[in-house]
Amino acid sequence: MVPLRARVLLAHATLASLMDRHGIRALHIKGYAALPGAYAAGRTSSDVDLLVAPEDAPAAMAALTADGWDLVTDFSEGSIFTHAATFRHVQLGYVDLHRCFPGIGLPAKEAFERLWDGHVSRIRAGRALPILSMADQRLLIILHAARDVGRRRSDVSHIRATATADEWDALREAACSFGAIAAWVAATDEDLPDADPDEVRLYRAMNSGREGAELFAARWRHAGSLAGRLRLVRDTVRVNRAHLAMDLGRDVTHRDALKWQLRRLRQ
């Protein structure tokens, strides 16, 4: 059996080659693509995360499908931010294809170009990967921590302990320039005057593991508009067949979907 770490590293190299062949710029973010020191020693990863410009997402999805990667969850099914689609390869495991990064308020295209302009390379499994600069890696790790119930404190504490005071201040300024003030506040517990309180509450509800009515209330306040709240109700009530299939470990039948839907309506 191939060790998980080796499989993920091979997946990074394979995906870098695939994106190159199709002329798609794809940044390898987080996990084993990160530069040494971005995470605490011993930090492991179970999949690959790729970030592409939003207009390149359809081409990247087509390339993955043609190369034997099966779609597990579409953008609309993956998370409340609809930011990533998940694919699985029978030998190489999982990849999350990001078309934007939650927490960043800039238009996704503009944010990607800024990150790409500063990218560097790292060799993984014999292949050069386009990865984030150390500063951008640290920033995205912190922004991810804003919604990560499991690793928020350890990841942020590590960066705070290993960054100089000037580097930490620069990260805060970068978060502001990327329009990521609320995510920064939720991840670091620092107070910044321009943070949207509803957005901060949403991230704090997520990184503290709240669910059910508490998480719905935070999402309701954050949705703001009538249209946004109607979409929230629709997405909350209807069955997510992709997530249900992952929970069941098999294809979803009509009986499964009906049973789940009735349970959801009662909730």
# chains A, B, ... in the order shown; residues from 1 in each chain; ligands from 1
>>> residues_around(residues="range 125-128 of chain A", least_positions_apart="5", cutoff="12 Å", atoms="only C-alpha atoms", output="number ranges by chain")
A: 5-18, 20, 27-28, 32-33, 120
>>> write_last_selection(atoms="all heavy atoms", output="compact mmCIF listing (two decimals), in the first residue's frame")
# COMPACT_ATOMS: atom_id res chain seq x y z
N ARG A 5 1.31 10.12 2.42
CA ARG A 5 2.15 11.26 2.08
C ARG A 5 2.73 11.11 0.67
O ARG A 5 2.74 12.07 -0.12
CB ARG A 5 3.28 11.42 3.10
CG ARG A 5 4.15 12.65 2.87
CD ARG A 5 5.21 12.80 3.96
NE ARG A 5 5.93 14.05 3.82
CZ ARG A 5 6.98 14.23 3.00
NH1 ARG A 5 7.38 13.23 2.24
NH2 ARG A 5 7.58 15.40 2.94
N ALA A 6 3.21 9.92 0.34
CA ALA A 6 3.78 9.69 -0.98
C ALA A 6 2.73 9.85 -2.07
O ALA A 6 3.00 10.42 -3.13
CB ALA A 6 4.40 8.29 -1.04
N ARG A 7 1.54 9.37 -1.80
CA ARG A 7 0.47 9.48 -2.78
C ARG A 7 0.10 10.95 -3.03
O ARG A 7 -0.11 11.36 -4.18
CB ARG A 7 -0.77 8.72 -2.29
CG ARG A 7 -1.87 8.60 -3.34
CD ARG A 7 -3.06 7.84 -2.78
NE ARG A 7 -3.77 8.64 -1.79
CZ ARG A 7 -4.75 8.18 -1.02
NH1 ARG A 7 -5.09 6.91 -1.07
NH2 ARG A 7 -5.36 8.97 -0.17
N VAL A 8 0.03 11.75 -1.96
CA VAL A 8 -0.33 13.17 -2.12
C VAL A 8 0.77 13.90 -2.88
O VAL A 8 0.49 14.74 -3.75
CB VAL A 8 -0.58 13.82 -0.74
CG1 VAL A 8 -0.82 15.32 -0.89
CG2 VAL A 8 -1.78 13.17 -0.06
N LEU A 9 2.04 13.59 -2.58
CA LEU A 9 3.14 14.24 -3.31
C LEU A 9 3.10 13.87 -4.79
O LEU A 9 3.32 14.73 -5.66
CB LEU A 9 4.48 13.83 -2.69
CG LEU A 9 4.78 14.41 -1.31
CD1 LEU A 9 6.05 13.80 -0.75
CD2 LEU A 9 4.91 15.93 -1.37
N LEU A 10 2.82 12.61 -5.10
CA LEU A 10 2.69 12.20 -6.50
C LEU A 10 1.51 12.90 -7.17
O LEU A 10 1.58 13.27 -8.35
CB LEU A 10 2.51 10.69 -6.59
CG LEU A 10 3.77 9.85 -6.30
CD1 LEU A 10 3.40 8.37 -6.17
CD2 LEU A 10 4.82 10.05 -7.39
N ALA A 11 0.45 13.10 -6.41
CA ALA A 11 -0.71 13.82 -6.96
C ALA A 11 -0.33 15.27 -7.30
O ALA A 11 -0.73 15.79 -8.34
CB ALA A 11 -1.87 13.78 -5.97
N HIS A 12 0.43 15.92 -6.41
CA HIS A 12 0.89 17.28 -6.69
C HIS A 12 1.65 17.32 -8.01
O HIS A 12 1.39 18.18 -8.87
CB HIS A 12 1.80 17.77 -5.56
CG HIS A 12 1.10 18.40 -4.41
ND1 HIS A 12 0.48 19.61 -4.51
CD2 HIS A 12 0.94 17.98 -3.12
CE1 HIS A 12 -0.05 19.94 -3.33
NE2 HIS A 12 0.21 18.96 -2.48
N ALA A 13 2.62 16.41 -8.18
CA ALA A 13 3.44 16.40 -9.39
C ALA A 13 2.60 16.10 -10.63
O ALA A 13 2.77 16.74 -11.68
CB ALA A 13 4.56 15.37 -9.24
N THR A 14 1.70 15.14 -10.53
CA THR A 14 0.85 14.78 -11.66
C THR A 14 -0.05 15.93 -12.07
O THR A 14 -0.22 16.22 -13.26
CB THR A 14 -0.01 13.55 -11.30
OG1 THR A 14 0.85 12.46 -10.95
CG2 THR A 14 -0.89 13.14 -12.46
N LEU A 15 -0.62 16.61 -11.09
CA LEU A 15 -1.53 17.72 -11.38
C LEU A 15 -0.79 18.92 -11.96
O LEU A 15 -1.31 19.62 -12.83
CB LEU A 15 -2.29 18.11 -10.12
CG LEU A 15 -3.33 17.08 -9.67
CD1 LEU A 15 -3.76 17.32 -8.22
CD2 LEU A 15 -4.55 17.12 -10.59
N ALA A 16 0.45 19.15 -11.49
CA ALA A 16 1.25 20.24 -12.07
C ALA A 16 1.51 19.97 -13.55
O ALA A 16 1.39 20.88 -14.39
CB ALA A 16 2.57 20.38 -11.31
N SER A 17 1.83 18.73 -13.88
CA SER A 17 2.07 18.36 -15.27
C SER A 17 0.80 18.51 -16.09
O SER A 17 0.82 19.02 -17.23
CB SER A 17 2.58 16.91 -15.35
OG SER A 17 2.75 16.51 -16.68
N LEU A 18 -0.33 18.08 -15.54
CA LEU A 18 -1.60 18.16 -16.25
C LEU A 18 -1.98 19.61 -16.55
O LEU A 18 -2.37 19.94 -17.68
CB LEU A 18 -2.70 17.49 -15.41
CG LEU A 18 -4.12 17.56 -15.97
CD1 LEU A 18 -4.21 16.78 -17.28
CD2 LEU A 18 -5.11 17.02 -14.94
N ASP A 20 -0.02 22.19 -16.72
CA ASP A 20 0.95 22.73 -17.70
C ASP A 20 0.57 22.33 -19.12
O ASP A 20 0.64 23.14 -20.06
CB ASP A 20 2.36 22.24 -17.38
CG ASP A 20 3.01 23.03 -16.25
OD1 ASP A 20 2.44 24.07 -15.85
OD2 ASP A 20 4.07 22.60 -15.77
N LEU A 27 -2.03 27.46 -8.90
CA LEU A 27 -1.20 27.57 -7.71
C LEU A 27 -1.50 26.41 -6.77
O LEU A 27 -2.66 26.14 -6.44
CB LEU A 27 -1.46 28.89 -7.00
CG LEU A 27 -0.92 30.15 -7.67
CD1 LEU A 27 -1.56 31.39 -7.06
CD2 LEU A 27 0.60 30.21 -7.53
N HIS A 28 -0.44 25.73 -6.31
CA HIS A 28 -0.59 24.69 -5.30
C HIS A 28 -0.53 25.38 -3.94
O HIS A 28 0.49 25.97 -3.57
CB HIS A 28 0.53 23.65 -5.43
CG HIS A 28 0.46 22.88 -6.71
ND1 HIS A 28 0.28 21.51 -6.75
CD2 HIS A 28 0.55 23.28 -8.00
CE1 HIS A 28 0.26 21.11 -8.01
NE2 HIS A 28 0.41 22.16 -8.78
N TYR A 32 1.38 19.91 1.60
CA TYR A 32 2.76 19.58 1.29
C TYR A 32 3.38 20.51 0.25
O TYR A 32 4.59 20.43 0.00
CB TYR A 32 2.87 18.13 0.82
CG TYR A 32 2.55 17.12 1.90
CD1 TYR A 32 1.72 16.03 1.66
CD2 TYR A 32 3.08 17.26 3.18
CE1 TYR A 32 1.43 15.10 2.64
CE2 TYR A 32 2.79 16.34 4.18
CZ TYR A 32 1.97 15.26 3.91
OH TYR A 32 1.68 14.35 4.89
N ALA A 33 2.59 21.37 -0.37
CA ALA A 33 3.15 22.35 -1.30
C ALA A 33 3.75 23.55 -0.58
O ALA A 33 4.53 24.29 -1.17
CB ALA A 33 2.07 22.83 -2.27
N VAL A 120 6.35 31.43 -6.26
CA VAL A 120 7.68 30.84 -6.38
C VAL A 120 7.48 29.37 -6.75
O VAL A 120 6.36 28.93 -6.98
CB VAL A 120 8.47 30.97 -5.06
CG1 VAL A 120 8.72 32.45 -4.73
CG2 VAL A 120 7.73 30.30 -3.90
>>> residues_around(residues="Ala84 in chain A", least_positions_apart="4", cutoff="8 Å", atoms="only C-alpha atoms", output="VMD selection string")
chain A and resid 74 to 75 78 to 79 96 to 100
>>> residues_around(residues="His119 in chain A", least_positions_apart="6", cutoff="9 Å", atoms="only C-alpha atoms", output="count of residues only")
6
>>> residues_around(residues="Ile29 in chain A", least_positions_apart="6", cutoff="8 Å", atoms="only C-alpha atoms", output="list in words")
Val48, Asp49, Leu50, Leu51, Ile131, Leu132 and Gln137 of chain A
>>> closest_residue(among="A:Val95, A:Phe101, A:Ala60, A:Ala26", to="Ser45 in chain A", atoms="only C-alpha atoms")
A:Val95
>>> select_by_dssp(residues="range 4-234 of chain A", states="strand (DSSP E or B)", output="PyMOL selection string")
chain A and resi 26-28+48-52+70-73+84-89+93-98+120-124+127-131
>>> select_by_dssp(residues="range 6-56 of chain A", states="alpha helix (DSSP H)", output="CSV table (one decimal) with all heavy atoms, in the first residue's frame")
chain,number,residue,atom,x,y,z
A,6,ALA,N,3.2,9.9,0.3
A,6,ALA,CA,3.8,9.7,-1.0
A,6,ALA,C,2.7,9.8,-2.1
A,6,ALA,O,3.0,10.4,-3.1
A,6,ALA,CB,4.4,8.3,-1.0
A,7,ARG,N,1.5,9.4,-1.8
A,7,ARG,CA,0.5,9.5,-2.8
A,7,ARG,C,0.1,10.9,-3.0
A,7,ARG,O,-0.1,11.4,-4.2
A,7,ARG,CB,-0.8,8.7,-2.3
A,7,ARG,CG,-1.9,8.6,-3.3
A,7,ARG,CD,-3.1,7.8,-2.8
A,7,ARG,NE,-3.8,8.6,-1.8
A,7,ARG,CZ,-4.7,8.2,-1.0
A,7,ARG,NH1,-5.1,6.9,-1.1
A,7,ARG,NH2,-5.4,9.0,-0.2
A,8,VAL,N,0.0,11.7,-2.0
A,8,VAL,CA,-0.3,13.2,-2.1
A,8,VAL,C,0.8,13.9,-2.9
A,8,VAL,O,0.5,14.7,-3.7
A,8,VAL,CB,-0.6,13.8,-0.7
A,8,VAL,CG1,-0.8,15.3,-0.9
A,8,VAL,CG2,-1.8,13.2,-0.1
A,9,LEU,N,2.0,13.6,-2.6
A,9,LEU,CA,3.1,14.2,-3.3
A,9,LEU,C,3.1,13.9,-4.8
A,9,LEU,O,3.3,14.7,-5.7
A,9,LEU,CB,4.5,13.8,-2.7
A,9,LEU,CG,4.8,14.4,-1.3
A,9,LEU,CD1,6.1,13.8,-0.7
A,9,LEU,CD2,4.9,15.9,-1.4
A,10,LEU,N,2.8,12.6,-5.1
A,10,LEU,CA,2.7,12.2,-6.5
A,10,LEU,C,1.5,12.9,-7.2
A,10,LEU,O,1.6,13.3,-8.4
A,10,LEU,CB,2.5,10.7,-6.6
A,10,LEU,CG,3.8,9.8,-6.3
A,10,LEU,CD1,3.4,8.4,-6.2
A,10,LEU,CD2,4.8,10.1,-7.4
A,11,ALA,N,0.4,13.1,-6.4
A,11,ALA,CA,-0.7,13.8,-7.0
A,11,ALA,C,-0.3,15.3,-7.3
A,11,ALA,O,-0.7,15.8,-8.3
A,11,ALA,CB,-1.9,13.8,-6.0
A,12,HIS,N,0.4,15.9,-6.4
A,12,HIS,CA,0.9,17.3,-6.7
A,12,HIS,C,1.7,17.3,-8.0
A,12,HIS,O,1.4,18.2,-8.9
A,12,HIS,CB,1.8,17.8,-5.6
A,12,HIS,CG,1.1,18.4,-4.4
A,12,HIS,ND1,0.5,19.6,-4.5
A,12,HIS,CD2,0.9,18.0,-3.1
A,12,HIS,CE1,0.0,19.9,-3.3
A,12,HIS,NE2,0.2,19.0,-2.5
A,13,ALA,N,2.6,16.4,-8.2
A,13,ALA,CA,3.4,16.4,-9.4
A,13,ALA,C,2.6,16.1,-10.6
A,13,ALA,O,2.8,16.7,-11.7
A,13,ALA,CB,4.6,15.4,-9.2
A,14,THR,N,1.7,15.1,-10.5
A,14,THR,CA,0.8,14.8,-11.7
A,14,THR,C,-0.1,15.9,-12.1
A,14,THR,O,-0.2,16.2,-13.3
A,14,THR,CB,0.0,13.6,-11.3
A,14,THR,OG1,0.8,12.5,-10.9
A,14,THR,CG2,-0.9,13.1,-12.5
A,15,LEU,N,-0.6,16.6,-11.1
A,15,LEU,CA,-1.5,17.7,-11.4
A,15,LEU,C,-0.8,18.9,-12.0
A,15,LEU,O,-1.3,19.6,-12.8
A,15,LEU,CB,-2.3,18.1,-10.1
A,15,LEU,CG,-3.3,17.1,-9.7
A,15,LEU,CD1,-3.8,17.3,-8.2
A,15,LEU,CD2,-4.6,17.1,-10.6
A,16,ALA,N,0.4,19.2,-11.5
A,16,ALA,CA,1.3,20.2,-12.1
A,16,ALA,C,1.5,20.0,-13.5
A,16,ALA,O,1.4,20.9,-14.4
A,16,ALA,CB,2.6,20.4,-11.3
A,17,SER,N,1.8,18.7,-13.9
A,17,SER,CA,2.1,18.4,-15.3
A,17,SER,C,0.8,18.5,-16.1
A,17,SER,O,0.8,19.0,-17.2
A,17,SER,CB,2.6,16.9,-15.3
A,17,SER,OG,2.7,16.5,-16.7
A,18,LEU,N,-0.3,18.1,-15.5
A,18,LEU,CA,-1.6,18.2,-16.2
A,18,LEU,C,-2.0,19.6,-16.5
A,18,LEU,O,-2.4,19.9,-17.7
A,18,LEU,CB,-2.7,17.5,-15.4
A,18,LEU,CG,-4.1,17.6,-16.0
A,18,LEU,CD1,-4.2,16.8,-17.3
A,18,LEU,CD2,-5.1,17.0,-14.9
A,19,MET,N,-1.9,20.5,-15.6
A,19,MET,CA,-2.2,21.9,-15.8
A,19,MET,C,-1.3,22.5,-16.8
A,19,MET,O,-1.7,23.3,-17.6
A,19,MET,CB,-2.2,22.6,-14.4
A,19,MET,CG,-3.3,22.2,-13.4
A,19,MET,SD,-5.0,22.5,-14.0
A,19,MET,CE,-5.6,20.8,-14.1
A,20,ASP,N,0.0,22.2,-16.7
A,20,ASP,CA,0.9,22.7,-17.7
A,20,ASP,C,0.6,22.3,-19.1
A,20,ASP,O,0.6,23.1,-20.1
A,20,ASP,CB,2.4,22.2,-17.4
A,20,ASP,CG,3.0,23.0,-16.2
A,20,ASP,OD1,2.4,24.1,-15.8
A,20,ASP,OD2,4.1,22.6,-15.8
A,21,ARG,N,0.2,21.1,-19.3
A,21,ARG,CA,-0.1,20.6,-20.6
A,21,ARG,C,-1.3,21.3,-21.2
A,21,ARG,O,-1.4,21.5,-22.4
A,21,ARG,CB,-0.4,19.1,-20.6
A,21,ARG,CG,0.8,18.2,-20.3
A,21,ARG,CD,0.5,16.8,-20.8
A,21,ARG,NE,-0.7,16.2,-20.3
A,21,ARG,CZ,-0.8,15.5,-19.2
A,21,ARG,NH1,0.3,15.4,-18.4
A,21,ARG,NH2,-1.9,15.0,-18.8
>>> closest_atom_pairs(of="range 68-132 of chain A", to="range 161-178 of chain A", cutoff="10 Å", atoms="only C-alpha atoms", output="CSV")
residue,atom,partner,partner_atom,distance
A:Gly103,CA,A:Phe178,CA,8.8
A:Ile104,CA,A:Phe178,CA,5.7
A:Gly105,CA,A:Phe178,CA,6.2
A:Leu106,CA,A:Phe178,CA,5.6
A:Pro107,CA,A:Phe178,CA,9.2
A:Glu110,CA,A:Phe178,CA,9.3
A:Ala111,CA,A:Phe178,CA,7.0
A:Arg114,CA,A:Phe178,CA,9.2
>>> write_last_selection(atoms="N, CA, C and O atoms", output="short mmCIF file (atom, residue, chain, number, x, y, z; two decimals), in the first residue's frame")
data_model
loop_
_atom_site.label_atom_id
_atom_site.label_comp_id
_atom_site.auth_asym_id
_atom_site.auth_seq_id
_atom_site.Cartn_x
_atom_site.Cartn_y
_atom_site.Cartn_z
N GLY A 103 -12.82 34.29 2.44
CA GLY A 103 -12.21 35.27 3.33
C GLY A 103 -11.67 36.46 2.58
O GLY A 103 -11.60 37.57 3.11
N ILE A 104 -11.25 36.24 1.33
CA ILE A 104 -10.73 37.32 0.50
C ILE A 104 -11.89 38.07 -0.14
O ILE A 104 -12.74 37.46 -0.79
N GLY A 105 -11.91 39.38 0.05
CA GLY A 105 -13.01 40.18 -0.47
C GLY A 105 -12.78 40.75 -1.85
O GLY A 105 -13.72 41.21 -2.50
N LEU A 106 -11.54 40.75 -2.31
CA LEU A 106 -11.26 41.23 -3.66
C LEU A 106 -11.92 40.33 -4.70
O LEU A 106 -12.16 39.15 -4.43
N PRO A 107 -12.23 40.85 -5.88
CA PRO A 107 -12.69 39.97 -6.96
C PRO A 107 -11.70 38.82 -7.15
O PRO A 107 -10.48 39.02 -7.07
N GLU A 110 -8.76 39.30 -9.59
CA GLU A 110 -7.73 40.23 -9.09
C GLU A 110 -6.89 39.57 -8.01
O GLU A 110 -5.65 39.72 -7.98
N ALA A 111 -7.54 38.85 -7.10
CA ALA A 111 -6.80 38.19 -6.01
C ALA A 111 -5.85 37.15 -6.57
O ALA A 111 -4.70 37.04 -6.13
N ARG A 114 -2.72 38.75 -8.13
CA ARG A 114 -1.79 39.23 -7.11
C ARG A 114 -0.98 38.07 -6.52
O ARG A 114 0.23 38.18 -6.32
#
>>> closest_residue(among="A:Ala186, A:Val2, A:Ala146, A:Ile159", to="Ala40 in chain A", atoms="only C-alpha atoms")
A:Ile159
